[in-house]
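Novice: Contents of query-v7.pdb (PDB, C-alpha atoms and all ligand atoms):
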MODEL        1
ATOM      1  CA  ILE A   1      -6.938 -11.531  64.446
ATOM      2  CA  THR A   2     -10.530 -10.533  63.718
ATOM      3  CA  GLN A   3      -9.239  -7.372  62.149
ATOM      4  CA  LEU A   4      -7.097  -9.330  59.766
ATOM      5  CA  TYR A   5      -9.697 -11.947  59.112
ATOM      6  CA  VAL A   6     -12.526  -9.671  58.118
ATOM      7  CA  PRO A   7     -10.830  -7.911  55.228
ATOM      8  CA  LEU A   8      -9.412 -11.186  53.976
ATOM      9  CA  ASN A   9     -12.832 -12.743  54.020
ATOM     10  CA  TRP A  10     -14.270  -9.741  52.284
ATOM     11  CA  PHE A  11     -11.581  -9.981  49.678
ATOM     12  CA  GLY A  12     -12.381 -13.628  49.112
ATOM     13  CA  THR A  13     -16.047 -12.909  48.549
ATOM     14  CA  TYR A  14     -15.237 -10.039  46.297
ATOM     15  CA  TYR A  15     -12.786 -12.141  44.369
ATOM     16  CA  ARG A  16     -15.309 -14.930  43.854
ATOM     17  CA  MET A  17     -17.871 -12.424  42.709
ATOM     18  CA  MET A  18     -15.459 -10.970  40.192
ATOM     19  CA  GLN A  19     -14.591 -14.396  38.980
ATOM     20  CA  ARG A  20     -18.225 -15.277  38.509
ATOM     21  CA  ASN A  21     -18.831 -12.120  36.562
ATOM     22  CA  PHE A  22     -15.988 -12.905  34.239
ATOM     23  CA  ILE A  23     -17.358 -16.359  33.638
ATOM     24  CA  ASP A  24     -20.853 -14.998  33.008
ATOM     25  CA  MET A  25     -19.430 -12.524  30.579
ATOM     26  CA  GLU A  26     -17.582 -15.255  28.748
ATOM     27  CA  ASN A  27     -20.751 -17.301  28.523
ATOM     28  CA  MET A  28     -22.715 -14.451  27.108
ATOM     29  CA  LEU A  29     -20.046 -13.555  24.611
ATOM     30  CA  ASP A  30     -19.454 -17.029  23.413
ATOM     31  CA  LEU A  31     -22.544 -18.734  22.166
ATOM     32  CA  PHE A  32     -21.195 -22.231  22.011
ATOM     33  CA  GLN A  33     -18.632 -22.472  24.771
ATOM     34  CA  GLU A  34     -20.990 -23.021  27.637
ATOM     35  CA  HIS A  35     -20.717 -25.881  30.035
ATOM     36  CA  VAL A  36     -24.122 -26.955  31.132
ATOM     37  CA  GLU A  37     -25.207 -30.277  32.492
ATOM     38  CA  VAL A  38     -27.922 -31.629  30.292
ATOM     39  CA  GLN A  39     -28.014 -35.388  30.599
ATOM     40  CA  ASP A  40     -29.047 -38.059  28.130
ATOM     41  CA  LEU A  41     -32.014 -40.137  29.275
ATOM     42  CA  PRO A  42     -30.989 -43.733  30.024
ATOM     43  CA  ASP A  43     -32.982 -44.886  27.004
ATOM     44  CA  ALA A  44     -32.164 -41.911  24.756
ATOM     45  CA  ALA A  45     -33.009 -42.743  21.164
ATOM     46  CA  ALA A  46     -30.959 -42.323  18.016
ATOM     47  CA  LEU A  47     -31.910 -39.289  15.953
ATOM     48  CA  SER A  48     -33.179 -40.071  12.525
ATOM     49  CA  VAL A  49     -33.054 -37.050  10.257
ATOM     50  CA  GLY A  50     -35.055 -36.915   7.071
ATOM     51  CA  GLN A  51     -35.882 -33.432   5.790
ATOM     52  CA  GLY A  52     -34.392 -31.821   8.882
ATOM     53  CA  THR A  53     -37.484 -29.845   9.818
ATOM     54  CA  VAL A  54     -36.995 -27.899  13.040
ATOM     55  CA  LYS A  55     -39.987 -26.942  15.116
ATOM     56  CA  PHE A  56     -40.350 -24.832  18.269
ATOM     57  CA  GLU A  57     -43.732 -25.533  19.843
ATOM     58  CA  ASP A  58     -44.902 -23.056  22.463
ATOM     59  CA  VAL A  59     -41.421 -22.876  23.982
ATOM     60  CA  SER A  60     -40.855 -20.944  27.186
ATOM     61  CA  PHE A  61     -37.464 -20.621  28.816
ATOM     62  CA  GLY A  62     -35.506 -18.535  31.302
ATOM     63  CA  TYR A  63     -31.921 -18.916  32.546
ATOM     64  CA  ASP A  64     -33.386 -18.078  35.913
ATOM     65  CA  GLU A  65     -36.929 -19.191  36.666
ATOM     66  CA  ARG A  66     -37.735 -15.737  38.004
ATOM     67  CA  GLN A  67     -36.897 -14.176  34.672
ATOM     68  CA  PRO A  68     -38.508 -15.642  31.566
ATOM     69  CA  ILE A  69     -36.549 -14.964  28.394
ATOM     70  CA  LEU A  70     -38.610 -16.768  25.749
ATOM     71  CA  ARG A  71     -42.381 -16.648  26.141
ATOM     72  CA  GLY A  72     -44.461 -19.218  24.306
ATOM     73  CA  LEU A  73     -42.429 -19.198  21.137
ATOM     74  CA  SER A  74     -43.630 -21.192  18.113
ATOM     75  CA  PHE A  75     -42.124 -21.392  14.654
ATOM     76  CA  THR A  76     -41.249 -23.977  12.029
ATOM     77  CA  VAL A  77     -38.199 -24.135   9.819
ATOM     78  CA  PRO A  78     -39.128 -26.499   6.988
ATOM     79  CA  GLY A  79     -36.323 -28.909   6.045
ATOM     80  CA  GLY A  80     -33.767 -27.313   3.723
ATOM     81  CA  SER A  81     -35.038 -23.753   4.182
ATOM     82  CA  THR A  82     -33.377 -20.722   5.723
ATOM     83  CA  VAL A  83     -34.737 -18.683   8.578
ATOM     84  CA  ALA A  84     -33.134 -15.377   9.539
ATOM     85  CA  MET A  85     -33.674 -14.022  13.035
ATOM     86  CA  VAL A  86     -33.431 -10.297  13.529
ATOM     87  CA  GLY A  87     -34.160  -8.070  16.481
ATOM     88  CA  GLU A  88     -32.583  -5.864  19.074
ATOM     89  CA  SER A  89     -29.824  -7.029  21.385
ATOM     90  CA  GLY A  90     -31.137  -9.194  24.207
ATOM     91  CA  ALA A  91     -34.265 -10.254  22.293
ATOM     92  CA  GLY A  92     -33.364 -13.931  22.751
ATOM     93  CA  LYS A  93     -31.891 -14.887  19.370
ATOM     94  CA  SER A  94     -28.785 -16.628  20.730
ATOM     95  CA  THR A  95     -30.933 -18.320  23.353
ATOM     96  CA  ILE A  96     -32.945 -19.996  20.582
ATOM     97  CA  LEU A  97     -29.773 -21.436  19.055
ATOM     98  CA  ARG A  98     -28.518 -22.602  22.455
ATOM     99  CA  LEU A  99     -31.792 -24.391  23.130
ATOM    100  CA  LEU A 100     -31.737 -26.147  19.775
ATOM    101  CA  PHE A 101     -28.181 -27.312  20.473
ATOM    102  CA  ARG A 102     -29.549 -28.390  23.856
ATOM    103  CA  PHE A 103     -27.238 -26.504  26.159
ATOM    104  CA  TYR A 104     -30.382 -26.053  28.208
ATOM    105  CA  ASP A 105     -33.757 -27.756  28.333
ATOM    106  CA  VAL A 106     -36.921 -25.766  27.737
ATOM    107  CA  ASP A 107     -39.121 -24.947  30.743
ATOM    108  CA  SER A 108     -42.282 -25.756  28.811
ATOM    109  CA  GLY A 109     -43.271 -26.639  25.265
ATOM    110  CA  ARG A 110     -40.930 -28.634  23.073
ATOM    111  CA  ILE A 111     -38.385 -28.495  20.278
ATOM    112  CA  THR A 112     -38.451 -31.181  17.614
ATOM    113  CA  ILE A 113     -36.337 -32.272  14.666
ATOM    114  CA  ASP A 114     -38.436 -34.195  12.156
ATOM    115  CA  GLY A 115     -40.991 -34.748  14.895
ATOM    116  CA  GLN A 116     -38.543 -36.076  17.505
ATOM    117  CA  ASP A 117     -38.376 -34.188  20.800
ATOM    118  CA  ILE A 118     -34.701 -33.292  21.226
ATOM    119  CA  ARG A 119     -34.860 -34.161  24.943
ATOM    120  CA  LEU A 120     -35.460 -37.795  24.037
ATOM    121  CA  ILE A 121     -32.549 -38.274  21.662
ATOM    122  CA  ARG A 122     -28.842 -38.780  22.246
ATOM    123  CA  GLN A 123     -26.939 -35.536  22.521
ATOM    124  CA  ARG A 124     -24.134 -37.020  20.484
ATOM    125  CA  ASP A 125     -26.538 -37.547  17.564
ATOM    126  CA  LEU A 126     -28.123 -34.161  18.002
ATOM    127  CA  ARG A 127     -24.814 -32.333  17.925
ATOM    128  CA  ALA A 128     -23.444 -34.383  15.045
ATOM    129  CA  SER A 129     -26.456 -33.280  12.996
ATOM    130  CA  ILE A 130     -25.906 -29.599  13.624
ATOM    131  CA  GLY A 131     -23.115 -27.534  12.125
ATOM    132  CA  VAL A 132     -22.324 -24.351  14.012
ATOM    133  CA  VAL A 133     -20.668 -21.262  12.614
ATOM    134  CA  PRO A 134     -20.060 -18.940  15.559
ATOM    135  CA  GLN A 135     -19.518 -15.244  15.308
ATOM    136  CA  ASP A 136     -15.958 -15.496  16.447
ATOM    137  CA  THR A 137     -14.190 -18.671  15.447
ATOM    138  CA  VAL A 138     -11.374 -20.014  17.548
ATOM    139  CA  LEU A 139      -8.234 -20.638  15.528
ATOM    140  CA  PHE A 140      -5.444 -22.878  16.712
ATOM    141  CA  ASN A 141      -1.832 -21.786  16.571
ATOM    142  CA  ASP A 142      -1.137 -24.005  13.623
ATOM    143  CA  THR A 143      -1.340 -23.928   9.849
ATOM    144  CA  ILE A 144      -4.435 -22.776   8.017
ATOM    145  CA  ARG A 145      -4.681 -26.303   6.589
ATOM    146  CA  TYR A 146      -4.820 -27.768  10.091
ATOM    147  CA  ASN A 147      -7.436 -25.252  11.093
ATOM    148  CA  ILE A 148      -9.776 -26.154   8.241
ATOM    149  CA  ARG A 149      -9.139 -29.885   8.592
ATOM    150  CA  TYR A 150     -10.359 -29.580  12.175
ATOM    151  CA  GLY A 151     -13.843 -30.044  10.676
ATOM    152  CA  LYS A 152     -12.872 -33.615   9.754
ATOM    153  CA  VAL A 153      -9.461 -34.787  10.837
ATOM    154  CA  THR A 154      -9.290 -37.540   8.235
ATOM    155  CA  ALA A 155      -9.852 -35.184   5.295
ATOM    156  CA  SER A 156      -7.276 -35.284   2.503
ATOM    157  CA  ASP A 157      -5.455 -32.152   1.319
ATOM    158  CA  SER A 158      -7.672 -31.933  -1.720
ATOM    159  CA  GLU A 159     -10.827 -32.239   0.387
ATOM    160  CA  VAL A 160      -9.543 -29.395   2.565
ATOM    161  CA  GLU A 161      -8.905 -27.275  -0.491
ATOM    162  CA  MET A 162     -12.296 -28.033  -1.985
ATOM    163  CA  ALA A 163     -13.996 -26.943   1.228
ATOM    164  CA  ALA A 164     -11.893 -23.778   1.272
ATOM    165  CA  GLU A 165     -12.871 -23.100  -2.304
ATOM    166  CA  ALA A 166     -16.564 -23.538  -1.557
ATOM    167  CA  ALA A 167     -16.142 -21.218   1.434
ATOM    168  CA  GLN A 168     -14.542 -18.611  -0.842
ATOM    169  CA  ILE A 169     -11.269 -18.504   1.027
ATOM    170  CA  HIS A 170      -9.045 -20.669  -1.184
ATOM    171  CA  ASP A 171      -7.669 -17.785  -3.281
ATOM    172  CA  LYS A 172      -7.004 -15.757  -0.167
ATOM    173  CA  ILE A 173      -4.988 -18.641   1.275
ATOM    174  CA  LEU A 174      -2.957 -19.050  -1.907
ATOM    175  CA  GLY A 175      -2.020 -15.406  -1.496
ATOM    176  CA  PHE A 176      -0.437 -16.043   1.941
ATOM    177  CA  PRO A 177       3.373 -16.406   1.972
ATOM    178  CA  ASP A 178       3.295 -20.142   2.714
ATOM    179  CA  GLY A 179      -0.109 -20.912   1.233
ATOM    180  CA  TYR A 180      -1.906 -23.649   3.159
ATOM    181  CA  ASP A 181       1.153 -24.092   5.397
ATOM    182  CA  THR A 182       0.912 -20.525   6.686
ATOM    183  CA  LYS A 183       0.702 -20.373  10.456
ATOM    184  CA  VAL A 184      -2.395 -18.591  11.751
ATOM    185  CA  GLY A 185      -3.823 -17.826  15.180
ATOM    186  CA  GLU A 186      -2.504 -15.741  18.041
ATOM    187  CA  ARG A 187       1.116 -16.257  17.151
ATOM    188  CA  GLY A 188       0.776 -16.369  13.385
ATOM    189  CA  LEU A 189      -1.047 -14.491  10.717
ATOM    190  CA  ARG A 190      -4.089 -12.772  12.182
ATOM    191  CA  LEU A 191      -7.167 -13.436  10.087
ATOM    192  CA  SER A 192      -9.926 -10.845   9.930
ATOM    193  CA  GLY A 193     -13.388 -11.558  11.342
ATOM    194  CA  GLY A 194     -14.785 -12.253   7.879
ATOM    195  CA  GLU A 195     -11.920 -14.616   7.047
ATOM    196  CA  LYS A 196     -12.315 -16.490  10.299
ATOM    197  CA  GLN A 197     -15.995 -16.924   9.605
ATOM    198  CA  ARG A 198     -15.150 -18.413   6.217
ATOM    199  CA  VAL A 199     -12.743 -20.834   7.910
ATOM    200  CA  ALA A 200     -15.670 -21.888  10.094
ATOM    201  CA  ILE A 201     -17.859 -22.315   7.017
ATOM    202  CA  ALA A 202     -15.165 -24.490   5.413
ATOM    203  CA  ARG A 203     -15.017 -26.599   8.590
ATOM    204  CA  THR A 204     -18.778 -27.030   8.557
ATOM    205  CA  LEU A 205     -18.746 -28.032   4.881
ATOM    206  CA  LEU A 206     -16.099 -30.591   5.737
ATOM    207  CA  LYS A 207     -17.717 -31.854   8.931
ATOM    208  CA  ALA A 208     -17.694 -35.656   8.850
ATOM    209  CA  SER A 209     -21.412 -36.018   9.384
ATOM    210  CA  ASN A 210     -22.309 -33.515   6.668
ATOM    211  CA  PRO A 211     -24.743 -31.834   9.051
ATOM    212  CA  PRO A 212     -28.282 -31.381   7.703
ATOM    213  CA  ILE A 213     -28.864 -28.443  10.046
ATOM    214  CA  VAL A 214     -26.694 -25.347  10.306
ATOM    215  CA  LEU A 215     -26.740 -22.581  12.905
ATOM    216  CA  LEU A 216     -24.950 -19.395  12.081
ATOM    217  CA  ASP A 217     -24.246 -16.340  14.163
ATOM    218  CA  GLU A 218     -23.344 -13.787  11.553
ATOM    219  CA  ALA A 219     -20.370 -11.553  12.320
ATOM    220  CA  THR A 220     -21.428  -8.011  13.063
ATOM    221  CA  SER A 221     -18.138  -6.423  12.082
ATOM    222  CA  ALA A 222     -18.378  -4.101   9.112
ATOM    223  CA  LEU A 223     -17.207  -5.726   5.905
ATOM    224  CA  ASP A 224     -16.142  -4.116   2.678
ATOM    225  CA  THR A 225     -18.344  -4.813  -0.327
ATOM    226  CA  ASN A 226     -15.978  -7.395  -1.789
ATOM    227  CA  THR A 227     -15.668  -9.452   1.398
ATOM    228  CA  GLU A 228     -19.423  -9.192   1.796
ATOM    229  CA  ARG A 229     -19.882 -10.758  -1.629
ATOM    230  CA  ASN A 230     -17.462 -13.575  -0.793
ATOM    231  CA  ILE A 231     -19.215 -14.314   2.476
ATOM    232  CA  GLN A 232     -22.606 -14.446   0.778
ATOM    233  CA  ALA A 233     -21.307 -16.860  -1.847
ATOM    234  CA  ALA A 234     -19.813 -19.045   0.896
ATOM    235  CA  LEU A 235     -23.093 -18.942   2.779
ATOM    236  CA  ARG A 236     -25.088 -20.014  -0.232
ATOM    237  CA  ARG A 237     -22.844 -23.030  -0.697
ATOM    238  CA  MET A 238     -23.245 -23.986   2.924
ATOM    239  CA  THR A 239     -26.976 -23.458   3.224
ATOM    240  CA  VAL A 240     -28.180 -25.111   0.037
ATOM    241  CA  ASN A 241     -30.291 -28.159   0.985
ATOM    242  CA  ARG A 242     -29.598 -27.593   4.667
ATOM    243  CA  THR A 243     -32.006 -26.356   7.296
ATOM    244  CA  THR A 244     -30.432 -23.092   8.329
ATOM    245  CA  ILE A 245     -31.085 -20.732  11.208
ATOM    246  CA  ILE A 246     -29.140 -17.492  11.087
ATOM    247  CA  ILE A 247     -28.823 -14.648  13.531
ATOM    248  CA  ALA A 248     -28.684 -12.153  10.727
ATOM    249  CA  HIS A 249     -27.048  -8.783  10.505
ATOM    250  CA  ARG A 250     -26.434  -8.472   6.788
ATOM    251  CA  LEU A 251     -29.086  -7.058   4.510
ATOM    252  CA  SER A 252     -28.227  -9.499   1.745
ATOM    253  CA  THR A 253     -28.704 -12.495   4.040
ATOM    254  CA  ILE A 254     -32.008 -11.199   5.295
ATOM    255  CA  VAL A 255     -33.429 -10.494   1.847
ATOM    256  CA  ASP A 256     -32.554 -13.985   0.634
ATOM    257  CA  ALA A 257     -34.047 -15.823   3.636
ATOM    258  CA  ASP A 258     -37.152 -17.957   3.112
ATOM    259  CA  GLN A 259     -38.553 -16.612   6.359
ATOM    260  CA  ILE A 260     -37.611 -13.785   8.692
ATOM    261  CA  LEU A 261     -38.477 -13.818  12.380
ATOM    262  CA  VAL A 262     -38.469 -10.421  14.006
ATOM    263  CA  MET A 263     -37.792 -10.869  17.722
ATOM    264  CA  ARG A 264     -38.501  -8.542  20.577
ATOM    265  CA  GLU A 265     -38.256  -9.387  24.278
ATOM    266  CA  GLY A 266     -38.484 -13.129  23.766
ATOM    267  CA  GLU A 267     -41.377 -13.043  21.345
ATOM    268  CA  ILE A 268     -41.792 -13.130  17.598
ATOM    269  CA  VAL A 269     -43.473  -9.864  16.790
ATOM    270  CA  GLU A 270     -43.458 -10.191  12.993
ATOM    271  CA  SER A 271     -42.631 -12.936  10.530
ATOM    272  CA  GLY A 272     -42.625 -13.505   6.803
ATOM    273  CA  THR A 273     -40.416 -12.944   3.801
ATOM    274  CA  HIS A 274     -38.689  -9.640   3.245
ATOM    275  CA  ALA A 275     -41.366  -8.658   0.722
ATOM    276  CA  ASP A 276     -44.166  -9.592   3.152
ATOM    277  CA  LEU A 277     -42.690  -7.577   5.979
ATOM    278  CA  MET A 278     -41.946  -4.534   3.857
ATOM    279  CA  ARG A 279     -45.651  -4.175   3.128
ATOM    280  CA  ASP A 280     -46.193  -2.731   6.584
ATOM    281  CA  PRO A 281     -44.566   0.696   6.840
ATOM    282  CA  ASP A 282     -45.611   0.886  10.500
ATOM    283  CA  GLY A 283     -43.916  -2.429  11.317
ATOM    284  CA  VAL A 284     -40.764  -3.057  13.337
ATOM    285  CA  TYR A 285     -39.060  -4.684  10.364
ATOM    286  CA  TYR A 286     -39.742  -1.823   8.007
ATOM    287  CA  ASP A 287     -38.220   0.575  10.476
ATOM    288  CA  MET A 288     -35.159  -1.643  11.009
ATOM    289  CA  TRP A 289     -34.670  -2.035   7.311
ATOM    290  CA  MET A 290     -34.761   1.707   6.656
ATOM    291  CA  LYS A 291     -32.164   2.299   9.371
ATOM    292  CA  GLN A 292     -29.883  -0.384   7.948
ATOM    293  CA  LEU A 293     -30.236   0.974   4.431
ATOM    294  CA  GLN A 294     -29.123   4.343   5.698
ATOM    295  CA  GLU A 295     -26.103   2.796   7.426
ATOM    296  CA  GLU A 296     -25.284   0.855   4.288
ATOM    297  CA  LYS A 297     -25.397   4.001   2.220
ATOM    298  CA  GLU A 298     -23.072   5.785   4.614
ATOM    299  CA  LYS A 299     -20.655   2.853   4.457
ATOM    300  CA  GLU A 300     -20.583   2.901   0.672
ATOM    301  CA  GLU A 301     -20.008   6.619   0.628
ATOM    302  CA  ALA A 302     -17.094   6.189   3.041
ATOM    303  CA  GLU A 303     -15.623   3.470   0.818
ATOM    304  CA  GLU A 304     -15.944   5.753  -2.204
ATOM    305  CA  ARG A 305     -14.177   8.553  -0.366
ATOM    306  CA  GLU A 306     -11.381   6.197   0.610
ATOM    307  CA  LYS A 307     -10.903   5.168  -3.008
ATOM    308  CA  GLU A 308     -10.690   8.774  -4.132
ATOM    309  CA  GLU A 309      -8.042   9.658  -1.558
TER     310      GLU A 309
HETATM  311  P1  LIG A 401     -27.549 -10.190  20.977
HETATM  312  O1  LIG A 401     -28.048  -9.761  19.632
HETATM  313  O2  LIG A 401     -27.031  -9.051  21.775
HETATM  314  O3  LIG A 401     -26.619 -11.348  20.941
HETATM  315  P2  LIG A 401     -29.747 -11.938  21.665
HETATM  316  O4  LIG A 401     -31.028 -11.568  21.014
HETATM  317  O5  LIG A 401     -28.965 -13.028  21.060
HETATM  318  O6  LIG A 401     -28.850 -10.646  21.798
HETATM  319  P3  LIG A 401     -29.686 -13.538  24.042
HETATM  320  O7  LIG A 401     -28.221 -13.709  24.087
HETATM  321  O8  LIG A 401     -30.498 -14.686  23.616
HETATM  322  O9  LIG A 401     -30.085 -12.271  23.170
HETATM  323  O10 LIG A 401     -30.129 -13.056  25.479
HETATM  324  C1  LIG A 401     -31.473 -12.897  25.882
HETATM  325  C2  LIG A 401     -31.503 -12.460  27.334
HETATM  326  O11 LIG A 401     -31.014 -13.516  28.143
HETATM  327  C3  LIG A 401     -30.652 -11.250  27.648
HETATM  328  O12 LIG A 401     -31.396 -10.429  28.491
HETATM  329  C4  LIG A 401     -29.456 -11.803  28.359
HETATM  330  O13 LIG A 401     -28.987 -10.902  29.317
HETATM  331  C5  LIG A 401     -29.987 -13.055  29.004
HETATM  332  N1  LIG A 401     -28.947 -14.113  29.088
HETATM  333  C6  LIG A 401     -28.244 -14.608  28.066
HETATM  334  N2  LIG A 401     -27.414 -15.586  28.464
HETATM  335  C7  LIG A 401     -27.608 -15.732  29.790
HETATM  336  C8  LIG A 401     -27.067 -16.600  30.791
HETATM  337  N3  LIG A 401     -26.150 -17.526  30.498
HETATM  338  N4  LIG A 401     -27.507 -16.448  32.050
HETATM  339  C9  LIG A 401     -28.438 -15.527  32.352
HETATM  340  N5  LIG A 401     -28.989 -14.693  31.442
HETATM  341  C10 LIG A 401     -28.597 -14.785  30.190
ENDMDL
END
As structure tokens, what does this structure read like?

Specialist:
Amino acid sequence: ITQLYVPLNWFGTYYRMMQRNFIDMENMLDLFQEHVEVQDLPDAAALSVGQGTVKFEDVSFGYDERQPILRGLSFTVPGGSTVAMVGESGAGKSTILRLLFRFYDVDSGRITIDGQDIRLIRQRDLRASIGVVPQDTVLFNDTIRYNIRYGKVTASDSEVEMAAEAAQIHDKILGFPDGYDTKVGERGLRLSGGEKQRVAIARTLLKASNPPIVLLDEATSALDTNTERNIQAALRRMTVNRTTIIIAHRLSTIVDADQILVMREGEIVESGTHADLMRDPDGVYYDMWMKQLQEEKEKEEAEEREKEE
């Protein structure tokens, strides 16, 4: 009996470990699908948003107390402006967005929206004020119209189409065999990464509360020049007059940002506009920029070659 029991037990442990790893992996891959218990205070206040200024004040945080991820981070995103975060993988960019959405509470310091500590306000209010455009948008197995309307279920057909137009995806949809009634998702038409992101932008534009703050995790997938242009136009429509924090990968997004935060190992190592940061040829940003330019050039050359063939 012991002989049988031991391997079974071992298998159980192993199985649980595997399971946990899968869940961890899912959490890390999907910025906004985490299930964490952050509770409202009994007397949590309503959030009152004016300009929508977001402030991180000396914020420290770690998923595990033995391993700090953000170390005394401070920055301000003035209401209506756009901040782009750049930096190597693991620098803590997604963590910043998760903290602002209050999936976790900070270990020390505080995060405020128009001066209100987000720990003291109702989560419902907080989340209604923040539009999120994830890197990989989940589409339902339903029509494209349904998928956009998900941003506001009471939206009329013309509202849906206006949002799609602003997100630069309307013409694309009209080109589908059944237009807005085309089935998308796993079992229907498969949209590309860039198209899915524009669906998410349309949803955000439609969102009932017209969120004053927008968080965007830019898709990393390579885009052709045309799609790139469409995405940028969609982004401009979404970000105008909204406080926007972007995990940026695209050069065009970064150049246009009001402020760029260069992250490394949980700290802001450089900040400023593109022009400011480019003044320091020994800086991290300068180096990053030169590498990206090179990649961009190679991409364009590849596109040219494809056209010629
Ligand atoms: P990327 O550009 O690759 O998305 P990032 O800058 O967004 O990177 P974060 O996702 O914020 O980085 O991760 C910062 C650090 O926190 C990483 O070392 C990561 O392994 C760790 N981390 C992220 N999520 C968790 C989690 N749920 N539990 C434990 N550690 C985590």

Novice: Please, which residues in chain A fall within 7 Å of ligand LIG 401 (chain A) when counting only C-alpha atoms and all ligand atoms, and what is the closest atom pair and distance in Å to one decimal for each, ordered by chain then residue number, as JSON lines?

Specialist:
{"residue": "A:Asp24", "atom": "CA", "partner": "A:LIG401", "partner_atom": "N3", "distance": 6.4}
{"residue": "A:Asn27", "atom": "CA", "partner": "A:LIG401", "partner_atom": "N3", "distance": 5.8}
{"residue": "A:Met28", "atom": "CA", "partner": "A:LIG401", "partner_atom": "N2", "distance": 5.0}
{"residue": "A:Tyr63", "atom": "CA", "partner": "A:LIG401", "partner_atom": "C9", "distance": 4.9}
{"residue": "A:Asp64", "atom": "CA", "partner": "A:LIG401", "partner_atom": "C9", "distance": 6.6}
{"residue": "A:Ile69", "atom": "CA", "partner": "A:LIG401", "partner_atom": "O11", "distance": 5.7}
{"residue": "A:Gly87", "atom": "CA", "partner": "A:LIG401", "partner_atom": "O4", "distance": 6.5}
{"residue": "A:Glu88", "atom": "CA", "partner": "A:LIG401", "partner_atom": "O1", "distance": 6.0}
{"residue": "A:Ser89", "atom": "CA", "partner": "A:LIG401", "partner_atom": "O2", "distance": 3.5}
{"residue": "A:Gly90", "atom": "CA", "partner": "A:LIG401", "partner_atom": "O9", "distance": 3.4}
{"residue": "A:Ala91", "atom": "CA", "partner": "A:LIG401", "partner_atom": "O4", "distance": 3.7}
{"residue": "A:Gly92", "atom": "CA", "partner": "A:LIG401", "partner_atom": "O8", "distance": 3.1}
{"residue": "A:Lys93", "atom": "CA", "partner": "A:LIG401", "partner_atom": "O4", "distance": 3.8}
{"residue": "A:Ser94", "atom": "CA", "partner": "A:LIG401", "partner_atom": "O5", "distance": 3.6}
{"residue": "A:Thr95", "atom": "CA", "partner": "A:LIG401", "partner_atom": "O8", "distance": 3.7}
{"residue": "A:Ile96", "atom": "CA", "partner": "A:LIG401", "partner_atom": "O8", "distance": 6.6}

Novice: Using C-alpha atoms, can you write the selected residues to a file as an mmCIF file, in the frame of the given file?

Specialist:
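As a result, selection_28.cif now contains:
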data_model
loop_
_atom_site.group_PDB
_atom_site.id
_atom_site.type_symbol
_atom_site.label_atom_id
_atom_site.label_comp_id
_atom_site.auth_asym_id
_atom_site.auth_seq_id
_atom_site.Cartn_x
_atom_site.Cartn_y
_atom_site.Cartn_z
ATOM 1 C CA ASP A 24 -20.853 -14.998 33.008
ATOM 2 C CA ASN A 27 -20.751 -17.301 28.523
ATOM 3 C CA MET A 28 -22.715 -14.451 27.108
ATOM 4 C CA TYR A 63 -31.921 -18.916 32.546
ATOM 5 C CA ASP A 64 -33.386 -18.078 35.913
ATOM 6 C CA ILE A 69 -36.549 -14.964 28.394
ATOM 7 C CA GLY A 87 -34.160 -8.070 16.481
ATOM 8 C CA GLU A 88 -32.583 -5.864 19.074
ATOM 9 C CA SER A 89 -29.824 -7.029 21.385
ATOM 10 C CA GLY A 90 -31.137 -9.194 24.207
ATOM 11 C CA ALA A 91 -34.265 -10.254 22.293
ATOM 12 C CA GLY A 92 -33.364 -13.931 22.751
ATOM 13 C CA LYS A 93 -31.891 -14.887 19.370
ATOM 14 C CA SER A 94 -28.785 -16.628 20.730
ATOM 15 C CA THR A 95 -30.933 -18.320 23.353
ATOM 16 C CA ILE A 96 -32.945 -19.996 20.582
#

Novice: Would you kindly translate the PyMOL selection byres (((chain A and resi 108-120) around 7) and not hetatm) into the concrete residues it picks from this file, as a PyMOL selection string?

Specialist: chain A and resi 41+44-45+49-60+106-107+121-122

Novice: From the set A:Asp258, A:Asp178, A:Asp125, A:Asp136, which residue has the shortest atom-to-atom contact distance to Ala84 in chain A, counting all atoms listed in the file?

Specialist: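 Closest residue, counting all atoms listed in the file: A:Asp258.
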
Novice: Which residues match the PyMOL selection byres (((chain A and resi 199-208) around 6) and not hetatm) in the file above, as a PyMOL selection string?

Specialist: chain A and resi 131+133+148+151-152+163-164+167+196-198+209-210

Novice: For those residues, write C-alpha atoms to a file as a short mmCIF file (atom, residue, chain, number, x, y, z; two decimals), in the frame of the given file.

Specialist:
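As a result, out26.cif now contains:
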data_model
loop_
_atom_site.label_atom_id
_atom_site.label_comp_id
_atom_site.auth_asym_id
_atom_site.auth_seq_id
_atom_site.Cartn_x
_atom_site.Cartn_y
_atom_site.Cartn_z
CA GLY A 131 -23.12 -27.53 12.12
CA VAL A 133 -20.67 -21.26 12.61
CA ILE A 148 -9.78 -26.15 8.24
CA GLY A 151 -13.84 -30.04 10.68
CA LYS A 152 -12.87 -33.62 9.75
CA ALA A 163 -14.00 -26.94 1.23
CA ALA A 164 -11.89 -23.78 1.27
CA ALA A 167 -16.14 -21.22 1.43
CA LYS A 196 -12.32 -16.49 10.30
CA GLN A 197 -16.00 -16.92 9.60
CA ARG A 198 -15.15 -18.41 6.22
CA SER A 209 -21.41 -36.02 9.38
CA ASN A 210 -22.31 -33.52 6.67
#

Novice: For CA of Val262 in chain A and CA of Thr137 in chain A, quote the distance in Å rounded to one decimal.

Specialist: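 Result for CA of Val262 in chain A versus CA of Thr137 in chain A: 25.7 Å, one decimal.
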
Novice: Name the residues that the PyMOL selection byres (((chain A and resi 240) around 12) and not hetatm) pulls out of this structure, and write them as a list of chain:residue names.

Specialist: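 Residues picked by the PyMOL selection byres (((chain A and resi 240) around 12) and not hetatm): A:Gly79, A:Gly80, A:Ser81, A:Thr82, A:Ala166, A:Leu205, A:Pro211, A:Pro212, A:Ile213, A:Val214, A:Ala233, A:Ala234, A:Leu235, A:Arg236, A:Arg237, A:Met238, A:Thr239, A:Asn241, A:Arg242, A:Thr243, A:Thr244, A:Asp256, A:Ala257, A:Asp258.
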